[in-house]
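This is coords15.txt. It holds compact mmCIF, C-alpha atoms.
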# COMPACT_ATOMS: atom_id res chain seq x y z
CA MET A 1 22.17 12.49 71.54
CA GLN A 2 19.13 10.48 70.52
CA SER A 3 18.20 13.04 67.86
CA LYS A 4 21.71 12.82 66.39
CA ALA A 5 21.38 9.05 66.15
CA ILE A 6 18.12 9.53 64.30
CA LYS A 7 19.83 11.95 61.89
CA TYR A 8 22.62 9.47 61.18
CA LEU A 9 20.08 6.72 60.72
CA PHE A 10 18.29 8.96 58.25
CA VAL A 11 21.51 9.59 56.29
CA PHE A 12 22.18 5.88 56.29
CA ALA A 13 18.69 5.13 55.05
CA VAL A 14 18.96 7.70 52.28
CA ALA A 15 22.29 6.30 51.15
CA PHE A 16 20.87 2.79 51.24
CA TRP A 17 17.85 3.82 49.19
CA LEU A 18 20.05 5.57 46.67
CA SER A 19 22.23 2.53 46.19
CA LEU A 20 19.19 0.29 45.74
CA SER A 21 17.49 2.60 43.26
CA MET A 22 20.66 3.06 41.25
CA GLY A 23 21.25 -0.65 41.26
CA MET A 24 17.86 -1.20 39.64
CA LEU A 25 18.92 0.78 36.59
CA LYS A 26 20.92 -2.04 35.10
CA ALA A 27 18.00 -4.41 34.87
CA TYR A 28 16.10 -2.90 31.94
CA SER A 29 15.94 -3.86 28.29
CA HIS A 30 17.40 -1.97 25.39
CA GLN A 31 16.06 -3.70 22.27
CA ALA A 32 12.90 -3.73 20.19
CA VAL A 33 12.06 -5.87 17.18
CA VAL A 34 9.78 -5.15 14.23
CA PRO A 35 8.89 -8.32 12.31
CA LEU A 36 7.54 -7.43 8.86
CA SER A 37 5.06 -9.56 7.00
CA ILE A 38 3.83 -8.50 3.56
CA LYS A 39 1.14 -10.27 1.64
CA VAL A 40 0.57 -9.30 -2.00
CA ASN A 41 -2.78 -10.42 -3.32
CA GLY A 42 -3.42 -11.19 -6.97
CA LYS A 43 -5.58 -8.53 -8.54
CA LEU A 44 -7.34 -7.93 -11.84
CA VAL A 45 -8.70 -4.47 -12.54
CA ILE A 46 -10.57 -3.11 -15.53
CA THR A 47 -11.54 0.52 -15.92
CA ASP A 48 -13.28 2.59 -18.53
CA GLU A 49 -13.12 6.33 -19.16
CA HIS A 50 -15.26 7.12 -16.14
CA SER A 51 -14.01 4.65 -13.55
CA GLU A 52 -10.37 5.39 -14.43
CA LEU A 53 -10.81 8.97 -13.29
CA SER A 54 -13.11 8.33 -10.37
CA GLY A 55 -11.03 5.49 -8.96
CA HIS A 56 -13.98 3.09 -8.98
CA SER A 57 -12.10 0.25 -10.54
CA ARG A 58 -13.48 -3.26 -10.65
CA ASN A 59 -13.11 -6.51 -12.53
CA ALA A 60 -16.18 -6.01 -14.75
CA VAL A 61 -17.31 -3.06 -16.85
CA PRO A 62 -20.58 -2.75 -18.76
CA CYS A 63 -20.36 -0.86 -22.06
CA ASN A 64 -23.48 0.35 -23.79
CA ILE A 65 -23.68 0.64 -27.53
CA SER A 66 -26.49 2.25 -29.42
CA LEU A 67 -27.24 3.12 -33.01
CA ASP A 68 -30.09 5.46 -33.83
CA ARG A 69 -30.85 6.10 -37.46
CA ARG A 70 -33.17 8.91 -38.36
CA ARG A 71 -33.99 10.45 -41.68
CA ASN A 72 -31.23 12.99 -41.61
CA SER A 73 -28.93 11.70 -38.92
CA PHE A 74 -27.32 8.52 -37.73
CA ASN A 75 -26.10 8.63 -34.13
CA ILE A 76 -23.70 5.93 -33.02
CA THR A 77 -22.55 5.68 -29.44
CA SER A 78 -19.87 3.13 -29.65
CA ALA A 79 -16.28 3.97 -28.76
CA HIS A 80 -14.99 2.66 -25.45
CA ARG A 81 -11.48 2.62 -23.99
CA LEU A 82 -10.90 -0.14 -21.49
CA LYS A 83 -7.75 -0.39 -19.41
CA VAL A 84 -6.66 -3.66 -17.88
CA ARG A 85 -4.22 -4.01 -15.00
CA SER A 86 -3.14 -7.33 -13.57
CA ASN A 87 -0.37 -8.66 -11.36
CA LEU A 88 -1.35 -12.19 -12.34
CA ASN A 89 0.40 -13.96 -15.18
CA LYS A 90 -2.59 -15.75 -16.69
CA TRP A 91 -5.82 -13.92 -17.33
CA LYS A 92 -8.36 -13.22 -20.03
CA LEU A 93 -10.85 -10.54 -20.93
CA VAL A 94 -14.27 -11.97 -21.60
CA GLY A 95 -17.22 -10.18 -23.17
CA GLN A 96 -20.89 -10.95 -23.16
CA ILE A 97 -23.41 -9.11 -25.27
CA VAL A 98 -26.99 -8.56 -24.24
CA GLU A 99 -29.29 -6.97 -26.77
CA LEU A 100 -31.65 -4.40 -25.30
CA PRO A 101 -35.16 -3.55 -26.44
CA THR A 102 -35.53 -0.64 -28.82
CA GLU A 103 -38.27 1.90 -29.21
CA TYR A 104 -38.28 1.56 -32.98
CA LYS A 105 -37.64 -1.34 -35.28
CA LYS A 106 -34.26 -2.93 -34.73
CA ILE A 107 -31.36 -2.50 -37.12
CA ASN A 108 -30.21 -5.85 -38.37
CA SER A 109 -27.16 -6.85 -36.29
CA LYS A 110 -25.47 -8.20 -39.42
CA ASN A 111 -24.91 -4.59 -40.38
CA ILE A 112 -23.13 -3.70 -37.16
CA ILE A 113 -19.42 -4.30 -37.00
CA LEU A 114 -17.24 -4.53 -33.86
CA LYS A 115 -13.61 -3.43 -34.13
CA TYR A 116 -10.94 -3.95 -31.47
CA HIS A 117 -7.44 -2.63 -31.19
CA THR A 118 -4.93 -2.51 -28.35
CA GLU A 119 -2.54 0.04 -26.89
CA VAL A 120 -0.42 0.23 -23.75
CA GLY A 121 0.53 2.78 -21.15
CA PRO A 122 4.16 3.95 -20.86
CA LYS A 123 4.89 1.52 -18.04
CA ALA A 124 2.98 -1.45 -19.42
CA ASN A 125 4.23 -4.53 -21.19
CA PRO A 126 3.06 -4.45 -24.86
CA ASN A 127 3.44 -8.25 -24.97
CA ALA A 128 1.36 -8.86 -21.86
CA ALA A 129 -1.68 -9.91 -23.91
CA LYS A 130 -3.03 -10.43 -27.41
CA LEU A 131 -6.37 -10.25 -29.17
CA ILE A 132 -7.99 -13.61 -29.79
CA ALA A 133 -9.47 -14.51 -33.19
CA PRO A 134 -11.91 -13.54 -34.62
CA PHE A 135 -11.41 -10.19 -32.87
CA THR A 136 -8.07 -9.62 -34.56
CA ALA A 137 -10.27 -8.35 -37.44
CA PRO A 138 -13.65 -6.57 -37.63
CA VAL A 139 -16.51 -8.86 -36.54
CA SER A 140 -20.22 -8.62 -37.18
CA ILE A 141 -22.25 -8.45 -33.99
CA SER A 142 -24.53 -11.11 -35.42
CA ALA A 143 -21.64 -13.57 -34.96
CA LEU A 144 -21.89 -13.15 -31.19
CA SER A 145 -24.43 -15.17 -29.25
CA ASN A 146 -26.59 -13.31 -26.81
CA ASN A 147 -25.74 -13.96 -23.16
CA LYS A 148 -22.78 -16.13 -24.06
CA ASP A 149 -19.16 -15.39 -23.19
CA PHE A 150 -16.61 -14.63 -25.90
CA VAL A 151 -12.88 -14.18 -25.22
CA VAL A 152 -11.48 -10.94 -26.58
CA LEU A 153 -8.05 -10.84 -25.01
CA GLU A 154 -5.75 -13.37 -23.44
CA GLY A 155 -3.02 -12.26 -21.03
CA ASN A 156 0.18 -14.22 -20.50
CA SER A 157 1.95 -11.94 -18.02
CA LYS A 158 1.35 -9.12 -15.58
CA THR A 159 0.59 -5.85 -17.31
CA SER A 160 3.37 -3.80 -15.64
CA ILE A 161 6.83 -3.65 -17.08
CA ASP A 162 8.14 -1.11 -14.56
CA LYS A 163 7.33 0.33 -11.15
CA ASP A 164 4.47 2.79 -11.20
CA PRO A 165 3.43 3.66 -7.62
CA GLY A 166 0.32 5.56 -8.72
CA ASN A 167 -0.71 2.77 -11.13
CA MET A 168 -1.67 5.35 -13.75
CA ASN A 169 0.70 4.25 -16.53
CA ASN A 170 0.83 0.45 -16.28
CA TRP A 171 -2.36 -0.39 -18.17
CA TYR A 172 -2.94 -2.63 -21.16
CA GLY A 173 -5.63 -0.96 -23.20
CA VAL A 174 -8.39 -2.43 -25.32
CA ASN A 175 -10.32 -0.01 -27.46
CA PHE A 176 -13.41 -1.07 -29.31
CA SER A 177 -15.82 0.71 -31.58
CA VAL A 178 -19.01 -0.08 -33.42
CA GLU A 179 -19.65 0.81 -37.03
CA TYR A 180 -22.56 0.51 -39.36
CA ASN A 181 -21.74 -1.58 -42.36
CA LYS A 182 -22.73 0.77 -45.13
CA SER A 183 -21.88 -1.67 -47.82
CA TYR A 184 -24.86 -3.74 -46.81
CA ASN A 185 -28.03 -3.53 -48.87
CA LYS A 186 -29.40 -0.19 -47.82
CA LYS A 187 -32.67 -0.72 -49.55
CA SER A 188 -33.73 -3.58 -47.36
CA ASP A 189 -32.35 -2.26 -44.13
CA TYR A 190 -31.47 1.38 -44.14
CA LEU A 191 -34.33 2.65 -46.17
CA ILE A 192 -37.73 1.28 -45.44
CA VAL A 193 -40.47 2.38 -47.78
CA ASN A 194 -44.00 2.35 -46.64
CA SER A 195 -46.16 1.44 -49.58
CA TYR A 196 -48.89 3.73 -48.39
CA LYS A 197 -46.55 6.61 -47.65
CA PRO A 198 -43.81 6.39 -50.17
CA LYS A 199 -40.44 8.01 -49.58
CA LYS A 200 -40.87 8.17 -45.84
CA TYR A 201 -37.92 6.94 -43.86
CA ARG A 202 -38.54 4.83 -40.81
CA ARG A 203 -36.48 5.35 -37.75
CA ARG A 204 -34.41 2.35 -36.72
CA GLN A 205 -32.34 1.55 -33.67
CA TYR A 206 -30.03 -0.96 -32.12
CA ARG A 207 -29.16 -1.10 -28.44
CA ALA A 208 -27.02 -3.56 -26.54
CA SER A 209 -24.77 -3.82 -23.55
CA ILE A 210 -21.45 -5.62 -23.73
CA ASN A 211 -20.27 -6.58 -20.29
CA TYR A 212 -16.49 -7.10 -20.08
CA THR A 213 -15.05 -9.19 -17.28
CA LEU A 214 -11.47 -10.00 -16.32
CA VAL A 215 -10.94 -13.60 -15.33
CA SER A 216 -7.84 -15.30 -13.98
CA ILE A 217 -6.90 -18.52 -15.72
CA MET B 218 31.25 10.48 69.21
CA ASN B 219 33.42 11.69 66.33
CA ASN B 220 34.26 8.09 65.57
CA LYS B 221 30.59 7.30 65.20
CA ILE B 222 30.06 10.21 62.84
CA THR B 223 33.06 9.13 60.80
CA ALA B 224 31.72 5.58 60.68
CA PHE B 225 28.37 6.74 59.42
CA PHE B 226 29.96 8.89 56.74
CA ILE B 227 32.14 6.00 55.66
CA ILE B 228 29.09 3.78 55.38
CA SER B 229 27.25 6.48 53.49
CA LEU B 230 30.21 6.92 51.17
CA PHE B 231 30.27 3.17 50.59
CA PHE B 232 26.67 3.16 49.44
CA PHE B 233 27.26 6.27 47.39
CA LEU B 234 30.17 4.59 45.64
CA LEU B 235 27.91 1.62 44.97
CA SER B 236 25.54 4.07 43.38
CA ILE B 237 28.28 5.61 41.27
CA LYS B 238 29.22 2.13 40.08
CA SER B 239 25.65 1.62 38.96
CA VAL B 240 25.62 5.00 37.31
CA SER B 241 28.79 4.22 35.43
CA ALA B 242 27.04 1.13 34.05
CA GLN B 243 24.34 3.47 32.70
CA CYS B 244 20.93 2.36 31.69
CA TYR B 245 18.89 2.18 28.48
CA SER B 246 15.30 1.17 28.07
CA ILE B 247 13.02 0.67 25.06
CA THR B 248 9.33 0.14 25.57
CA ASN B 249 6.14 0.45 23.59
CA SER B 250 3.40 2.94 24.45
CA SER B 251 2.14 0.57 27.12
CA ASN B 252 5.61 0.63 28.73
CA THR B 253 6.20 -3.02 27.90
CA LEU B 254 9.91 -3.83 27.84
CA ASN B 255 11.54 -5.60 24.90
CA PRO B 256 8.56 -4.77 22.70
CA SER B 257 7.75 -6.47 19.42
CA PHE B 258 5.84 -4.52 16.77
CA THR B 259 4.54 -6.98 14.22
CA HIS B 260 3.58 -5.21 11.00
CA THR B 261 1.41 -7.02 8.50
CA PHE B 262 0.94 -5.29 5.17
CA THR B 263 -1.76 -6.56 2.85
CA ILE B 264 -1.16 -5.29 -0.65
CA THR B 265 -4.03 -5.37 -3.13
CA PRO B 266 -3.16 -3.17 -6.11
CA ASN B 267 -5.84 -0.85 -7.36
CA VAL B 268 -6.45 2.35 -9.30
CA PRO B 269 -5.25 4.81 -8.29
CA GLY B 270 -2.29 3.26 -6.50
CA THR B 271 -1.97 4.03 -2.80
CA ASN B 272 0.56 3.21 -0.12
CA ILE B 273 -0.19 0.97 2.83
CA VAL B 274 1.31 2.58 5.93
CA ASN B 275 2.11 0.90 9.23
CA THR B 276 3.32 2.83 12.27
CA HIS B 277 5.18 1.84 15.41
CA VAL B 278 5.82 4.11 18.37
CA ILE B 279 8.66 3.35 20.74
CA ARG B 280 9.70 5.06 23.96
CA LEU B 281 13.36 5.59 24.72
CA ARG B 282 14.49 6.05 28.31
CA VAL B 283 18.11 6.76 29.03
CA PHE B 284 20.17 7.38 32.14
CA SER B 285 23.53 8.48 30.87
CA LEU B 286 26.24 10.95 31.72
CA GLY B 287 27.33 11.11 28.07
CA ALA B 288 26.18 10.48 24.55
CA TRP B 289 23.87 7.65 23.59
CA LYS B 290 22.39 6.37 20.34
CA LEU B 291 19.67 4.24 18.87
CA THR B 292 20.95 1.89 16.21
CA ALA B 293 19.15 -0.56 13.96
CA SER B 294 19.80 -3.65 11.94
CA ARG B 295 17.72 -5.30 9.27
CA ILE B 296 16.94 -8.74 7.97
CA ALA B 297 16.30 -8.22 4.26
CA ILE B 298 12.80 -8.63 2.85
CA THR B 299 12.50 -11.97 1.09
CA ARG B 300 9.64 -13.69 -0.65
CA THR B 301 8.61 -16.90 1.09
CA SER B 302 5.78 -17.96 -1.22
CA GLY B 303 4.41 -17.10 -4.65
CA SER B 304 6.17 -17.01 -7.99
CA GLY B 305 7.65 -14.64 -10.51
CA ALA B 306 10.92 -13.07 -11.55
CA SER B 307 12.96 -12.02 -8.53
CA SER B 308 13.39 -8.58 -10.11
CA ASP B 309 9.66 -8.03 -9.45
CA ASP B 310 9.80 -9.03 -5.78
CA ILE B 311 9.26 -6.43 -3.07
CA LYS B 312 12.62 -5.33 -1.77
CA ASP B 313 13.83 -3.14 1.07
CA THR B 314 14.30 -0.33 -1.46
CA ASP B 315 10.52 -0.37 -2.01
CA ILE B 316 9.64 0.14 1.65
CA GLY B 317 9.37 3.80 2.56
CA TRP B 318 10.60 5.12 5.88
CA THR B 319 9.74 8.35 7.68
CA ALA B 320 10.15 9.04 11.39
CA SER B 321 9.84 11.75 14.00
CA ILE B 322 11.11 12.04 17.54
CA ARG B 323 9.83 14.22 20.37
CA PRO B 324 10.84 14.65 24.00
CA VAL B 325 8.23 14.05 26.66
CA SER B 326 9.15 15.77 29.97
CA VAL B 327 12.80 14.91 29.42
CA LEU B 328 15.07 15.84 32.36
CA PHE B 329 18.01 17.17 30.36
CA GLY B 330 19.83 16.61 27.09
CA SER B 331 18.56 16.23 23.55
CA ALA B 332 17.94 13.69 20.81
CA SER B 333 17.60 13.96 17.05
CA LEU B 334 17.23 11.73 14.02
CA VAL B 335 20.39 11.10 12.04
CA ALA B 336 20.46 11.49 8.25
CA PRO B 337 19.06 9.91 6.13
CA PHE B 338 16.47 8.98 8.76
CA SER B 339 15.71 12.63 9.42
CA GLY B 340 13.93 12.72 6.04
CA SER B 341 12.18 10.28 3.75
CA THR B 342 14.25 7.23 3.01
CA THR B 343 13.82 3.53 2.40
CA LEU B 344 14.39 0.47 4.52
CA ASN B 345 17.64 -0.41 2.80
CA SER B 346 19.23 2.59 4.58
CA ILE B 347 19.44 0.24 7.56
CA SER B 348 22.37 -2.10 7.23
CA THR B 349 21.89 -5.85 7.49
CA ALA B 350 25.19 -5.93 9.38
CA GLY B 351 23.70 -3.74 12.14
CA GLY B 352 24.96 -0.62 13.83
CA THR B 353 23.13 1.87 11.61
CA GLN B 354 22.54 4.94 13.71
CA ILE B 355 18.98 6.21 13.74
CA VAL B 356 18.97 8.62 16.69
CA SER B 357 21.77 10.57 18.33
CA GLY B 358 21.23 11.76 21.91
CA THR B 359 22.81 13.12 25.06
CA GLY B 360 21.77 13.35 28.68
CA SER B 361 19.15 11.56 30.69
CA THR B 362 15.45 11.39 30.24
CA ALA B 363 14.95 11.16 34.01
CA PHE B 364 16.67 10.34 37.24
CA ALA B 365 16.55 6.56 37.62
CA SER B 366 15.16 6.81 34.13
CA CYS B 367 15.03 3.14 33.24
CA THR B 368 12.01 2.61 35.38
CA PRO B 369 8.95 3.13 33.18
CA SER B 370 8.45 6.80 33.93
CA THR B 371 6.57 9.62 32.28
CA ARG B 372 9.87 11.02 30.96
CA PHE B 373 11.06 9.61 27.66
CA TYR B 374 11.67 10.24 23.96
CA GLU B 375 8.90 9.10 21.69
CA LEU B 376 10.03 7.81 18.30
CA THR B 377 7.28 7.36 15.70
CA VAL B 378 8.23 5.37 12.60
CA ASN B 379 6.03 5.06 9.51
CA LEU B 380 6.73 2.25 7.07
CA SER B 381 4.94 2.29 3.74
CA VAL B 382 4.59 -0.17 0.88
CA PRO B 383 3.20 0.92 -2.52
CA GLN B 384 0.34 -1.12 -3.97
CA ASP B 385 2.02 -1.50 -7.32
CA PHE B 386 0.97 -4.05 -9.95
CA ILE B 387 4.61 -4.84 -10.66
CA PHE B 388 5.13 -6.82 -7.45
CA ASN B 389 4.87 -10.59 -7.53
CA SER B 390 1.94 -11.89 -5.53
CA GLY B 391 2.88 -14.01 -2.53
CA THR B 392 4.17 -13.46 0.99
CA TYR B 393 7.32 -11.71 2.11
CA THR B 394 9.07 -11.42 5.48
CA GLY B 395 11.73 -9.20 6.99
CA MET B 396 12.77 -7.71 10.32
CA ILE B 397 14.09 -4.54 11.94
CA THR B 398 15.88 -4.63 15.31
CA TYR B 399 16.51 -1.49 17.34
CA THR B 400 19.23 -1.27 19.99
CA LEU B 401 19.64 1.57 22.46
CA GLY B 402 23.08 2.04 23.95
CA PRO B 403 26.13 4.24 24.50
Would you kindly transcribe this structure into structure tokens?
Amino acid sequence: MQSKAIKYLFVFAVAFWLSLSMGMLKAYSHQAVVPLSIKVNGKLVITDEHSELSGHSRNAVPCNISLDRRRNSFNITSAHRLKVRSNLNKWKLVGQIVELPTEYKKINSKNIILKYHTEVGPKANPNAAKLIAPFTAPVSISALSNNKDFVVLEGNSKTSIDKDPGNMNNWYGVNFSVEYNKSYNKKSDYLIVNSYKPKKYRRRQYRASINYTLVSI
Amino acid sequence: MNNKITAFFIISLFFFLLSIKSVSAQCYSITNSSNTLNPSFTHTFTITPNVPGTNIVNTHVIRLRVFSLGAWKLTASRIAITRTSGSGASSDDIKDTDIGWTASIRPVSVLFGSASLVAPFSGSTTLNSISTAGGTQIVSGTGSTAFASCTPSTRFYELTVNLSVPQDFIFNSGTYTGMITYTLGP
């Protein structure tokens, strides 16, 4: 008799526990929220041929130029393709030339001409920037002061004109090249005659680094 | 003696009916990986465009626990992305169409039933696939993850959602806000 009472008590307890545990089910949540916050920073990026491919973009690029005139050859390392990307609306491209020492006598910088021209990627705005005078035309390097900034390009909008998730086609390009002004008096500059050793050409060089920097206005 | 037995069975039946009433109410629970109820997953994307362009990805993982005798679903609603500071043409603002969405769901020791992502959320899509009016179905499921499954148990579905924003130079600089709300129910 006592054992039966215990059994009934057990059934009662189980039923009681079941009702309690089931009753707990209603208490739990059924929602989650995902607040989104996006911050887009302003960014200016300039690349050259090497950094464009390697992904080492930055806001300043040094470009070396060198002219090496020998008796039978004239080597000019000059052409550079710079690509500018900006999501800022006001920016400028500033250059600064630093002449470097040469092993041989220096070519007169009056004879060295800088030429700039622009181009754009397929998803870039062709009106995003413009060349600033005097760089709209060929300029003698002698017109540039050493270690002093000169403005090459002024931007008045972001460079993109369309979405380009990989950022490979939204660049505003600035190409520049260096030329030797052959119309200059060759006798005094190109051809140096040693009075003791007539008809011998002297090797001449010019070396400089132009550092280009993007600056927000 | 028979009366006593009958009385006990009646009492037991009473509690059982109470249980059935609770069962009929069903139960749905969403937690984070730490089993915190009503979780909030704040995602902060910092976009600094560069070359080459990459996507910034944020992930949230939610656990779904269901006690149900029938079908259940996870729905979502969205508050549209809007720019709150900065300047520029609105056409160049980040929008919900720019925010990528991919997700996966897996059962963890689920008692019975199944759950799967509903198109277009079963593949790659964008945030605008979630309606601002709510009720957009993300997951379709049946069965129960566990008995008394709304208690934080080791039986649940784990939903992993990846949100991505491209670091594109076209977007206006500034700050943007938006919101996703998930609801689990019948």
Nearby residues (only C-alpha atoms) at most 8 Å from Glu49 of chain A, same-chain spacing under 6 positions excluded, as number ranges by chain: A: 80-82
What are the residues of chain B that have an atom within 6 Å of an atom of chain A, counting all atoms listed in the file, as a ChimeraX atom specification? /B:229,232,235-236,239,244-247,255-265,268-270,367,383,385-387,390-401
Which is closer to Arg323 of chain B than all the others in B:Phe364, B:Pro403, B:Val356, B:Pro369, using all atoms listed in the file? B:Val356
Which residues are close to segment 358-362 of chain B, i.e. within 7 Å by all atoms listed in the file, leaving aside same-chain residues fewer than 3 positions away? Reply as number ranges by chain. B: 282-290, 327-333, 366, 372-373
Set up a box along x, y and z of the file covering all listed atoms of segment 384-401 of chain B, add 4 Å on every one of the six sides, and write the centre and edge lengths in Å to one decimal, as lines of an AutoDock Vina configuration file.
center_x = 10.0
center_y = -6.2
center_z = 5.9
size_x = 27.3
size_y = 23.6
size_z = 41.1
What's around Ile76 of chain A at 8 Å? Count only C-alpha atoms, leave out sequence neighbours fewer than 3 positions away in its own chain, and write the answer as a list in words. Ile65, Ser66, Leu67, Asp68, Val178 and Glu179 of chain A
What does the structure give for the distance between atom CA of Ser294 of chain B and atom CA of Thr349 of chain B, in Å to one decimal?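 Result for atom CA of Ser294 of chain B versus atom CA of Thr349 of chain B: 5.4 Å, one decimal.
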Please return segment 269-283 of chain B, rebuilt to N, CA, C and O atoms, as a PDB file, in the coordinates of the input.
ATOM      1  N   PRO B 269      -6.674   4.520  -8.157  1.00  0.00           N
ATOM      2  CA  PRO B 269      -5.250   4.810  -8.290  1.00  0.00           C
ATOM      3  C   PRO B 269      -4.439   4.075  -7.229  1.00  0.00           C
ATOM      4  O   PRO B 269      -4.997   3.605  -6.239  1.00  0.00           O
ATOM      5  N   GLY B 270      -3.140   3.983  -7.441  1.00  0.00           N
ATOM      6  CA  GLY B 270      -2.290   3.260  -6.500  1.00  0.00           C
ATOM      7  C   GLY B 270      -2.109   4.055  -5.216  1.00  0.00           C
ATOM      8  O   GLY B 270      -1.941   5.269  -5.239  1.00  0.00           O
ATOM      9  N   THR B 271      -2.179   3.377  -4.093  1.00  0.00           N
ATOM     10  CA  THR B 271      -1.970   4.030  -2.800  1.00  0.00           C
ATOM     11  C   THR B 271      -0.914   3.255  -2.026  1.00  0.00           C
ATOM     12  O   THR B 271      -0.578   2.128  -2.378  1.00  0.00           O
ATOM     13  N   ASN B 272      -0.418   3.869  -0.977  1.00  0.00           N
ATOM     14  CA  ASN B 272       0.560   3.210  -0.120  1.00  0.00           C
ATOM     15  C   ASN B 272      -0.139   2.672   1.127  1.00  0.00           C
ATOM     16  O   ASN B 272      -1.014   3.330   1.680  1.00  0.00           O
ATOM     17  N   ILE B 273       0.272   1.492   1.545  1.00  0.00           N
ATOM     18  CA  ILE B 273      -0.190   0.970   2.830  1.00  0.00           C
ATOM     19  C   ILE B 273       0.847   1.381   3.873  1.00  0.00           C
ATOM     20  O   ILE B 273       2.040   1.114   3.714  1.00  0.00           O
ATOM     21  N   VAL B 274       0.388   2.041   4.919  1.00  0.00           N
ATOM     22  CA  VAL B 274       1.310   2.580   5.930  1.00  0.00           C
ATOM     23  C   VAL B 274       1.074   1.879   7.263  1.00  0.00           C
ATOM     24  O   VAL B 274      -0.071   1.701   7.684  1.00  0.00           O
ATOM     25  N   ASN B 275       2.150   1.452   7.871  1.00  0.00           N
ATOM     26  CA  ASN B 275       2.110   0.900   9.230  1.00  0.00           C
ATOM     27  C   ASN B 275       3.002   1.754  10.119  1.00  0.00           C
ATOM     28  O   ASN B 275       4.065   2.206   9.681  1.00  0.00           O
ATOM     29  N   THR B 276       2.585   1.949  11.359  1.00  0.00           N
ATOM     30  CA  THR B 276       3.320   2.830  12.270  1.00  0.00           C
ATOM     31  C   THR B 276       3.663   2.093  13.563  1.00  0.00           C
ATOM     32  O   THR B 276       2.837   1.333  14.078  1.00  0.00           O
ATOM     33  N   HIS B 277       4.884   2.291  14.047  1.00  0.00           N
ATOM     34  CA  HIS B 277       5.180   1.840  15.410  1.00  0.00           C
ATOM     35  C   HIS B 277       5.767   2.997  16.208  1.00  0.00           C
ATOM     36  O   HIS B 277       6.476   3.853  15.667  1.00  0.00           O
ATOM     37  N   VAL B 278       5.399   3.030  17.476  1.00  0.00           N
ATOM     38  CA  VAL B 278       5.820   4.110  18.370  1.00  0.00           C
ATOM     39  C   VAL B 278       6.600   3.491  19.518  1.00  0.00           C
ATOM     40  O   VAL B 278       6.083   2.626  20.236  1.00  0.00           O
ATOM     41  N   ILE B 279       7.856   3.915  19.654  1.00  0.00           N
ATOM     42  CA  ILE B 279       8.660   3.350  20.740  1.00  0.00           C
ATOM     43  C   ILE B 279       9.110   4.469  21.671  1.00  0.00           C
ATOM     44  O   ILE B 279       9.295   5.618  21.261  1.00  0.00           O
ATOM     45  N   ARG B 280       9.253   4.109  22.950  1.00  0.00           N
ATOM     46  CA  ARG B 280       9.700   5.060  23.960  1.00  0.00           C
ATOM     47  C   ARG B 280      11.132   4.725  24.358  1.00  0.00           C
ATOM     48  O   ARG B 280      11.442   3.565  24.645  1.00  0.00           O
ATOM     49  N   LEU B 281      11.942   5.756  24.365  1.00  0.00           N
ATOM     50  CA  LEU B 281      13.360   5.590  24.720  1.00  0.00           C
ATOM     51  C   LEU B 281      13.588   6.248  26.070  1.00  0.00           C
ATOM     52  O   LEU B 281      13.264   7.429  26.254  1.00  0.00           O
ATOM     53  N   ARG B 282      14.131   5.491  27.009  1.00  0.00           N
ATOM     54  CA  ARG B 282      14.490   6.050  28.310  1.00  0.00           C
ATOM     55  C   ARG B 282      15.971   5.787  28.535  1.00  0.00           C
ATOM     56  O   ARG B 282      16.442   4.665  28.364  1.00  0.00           O
ATOM     57  N   VAL B 283      16.661   6.846  28.911  1.00  0.00           N
ATOM     58  CA  VAL B 283      18.110   6.760  29.030  1.00  0.00           C
ATOM     59  C   VAL B 283      18.547   7.392  30.341  1.00  0.00           C
ATOM     60  O   VAL B 283      18.047   8.458  30.729  1.00  0.00           O
TER      61      VAL B 283
END
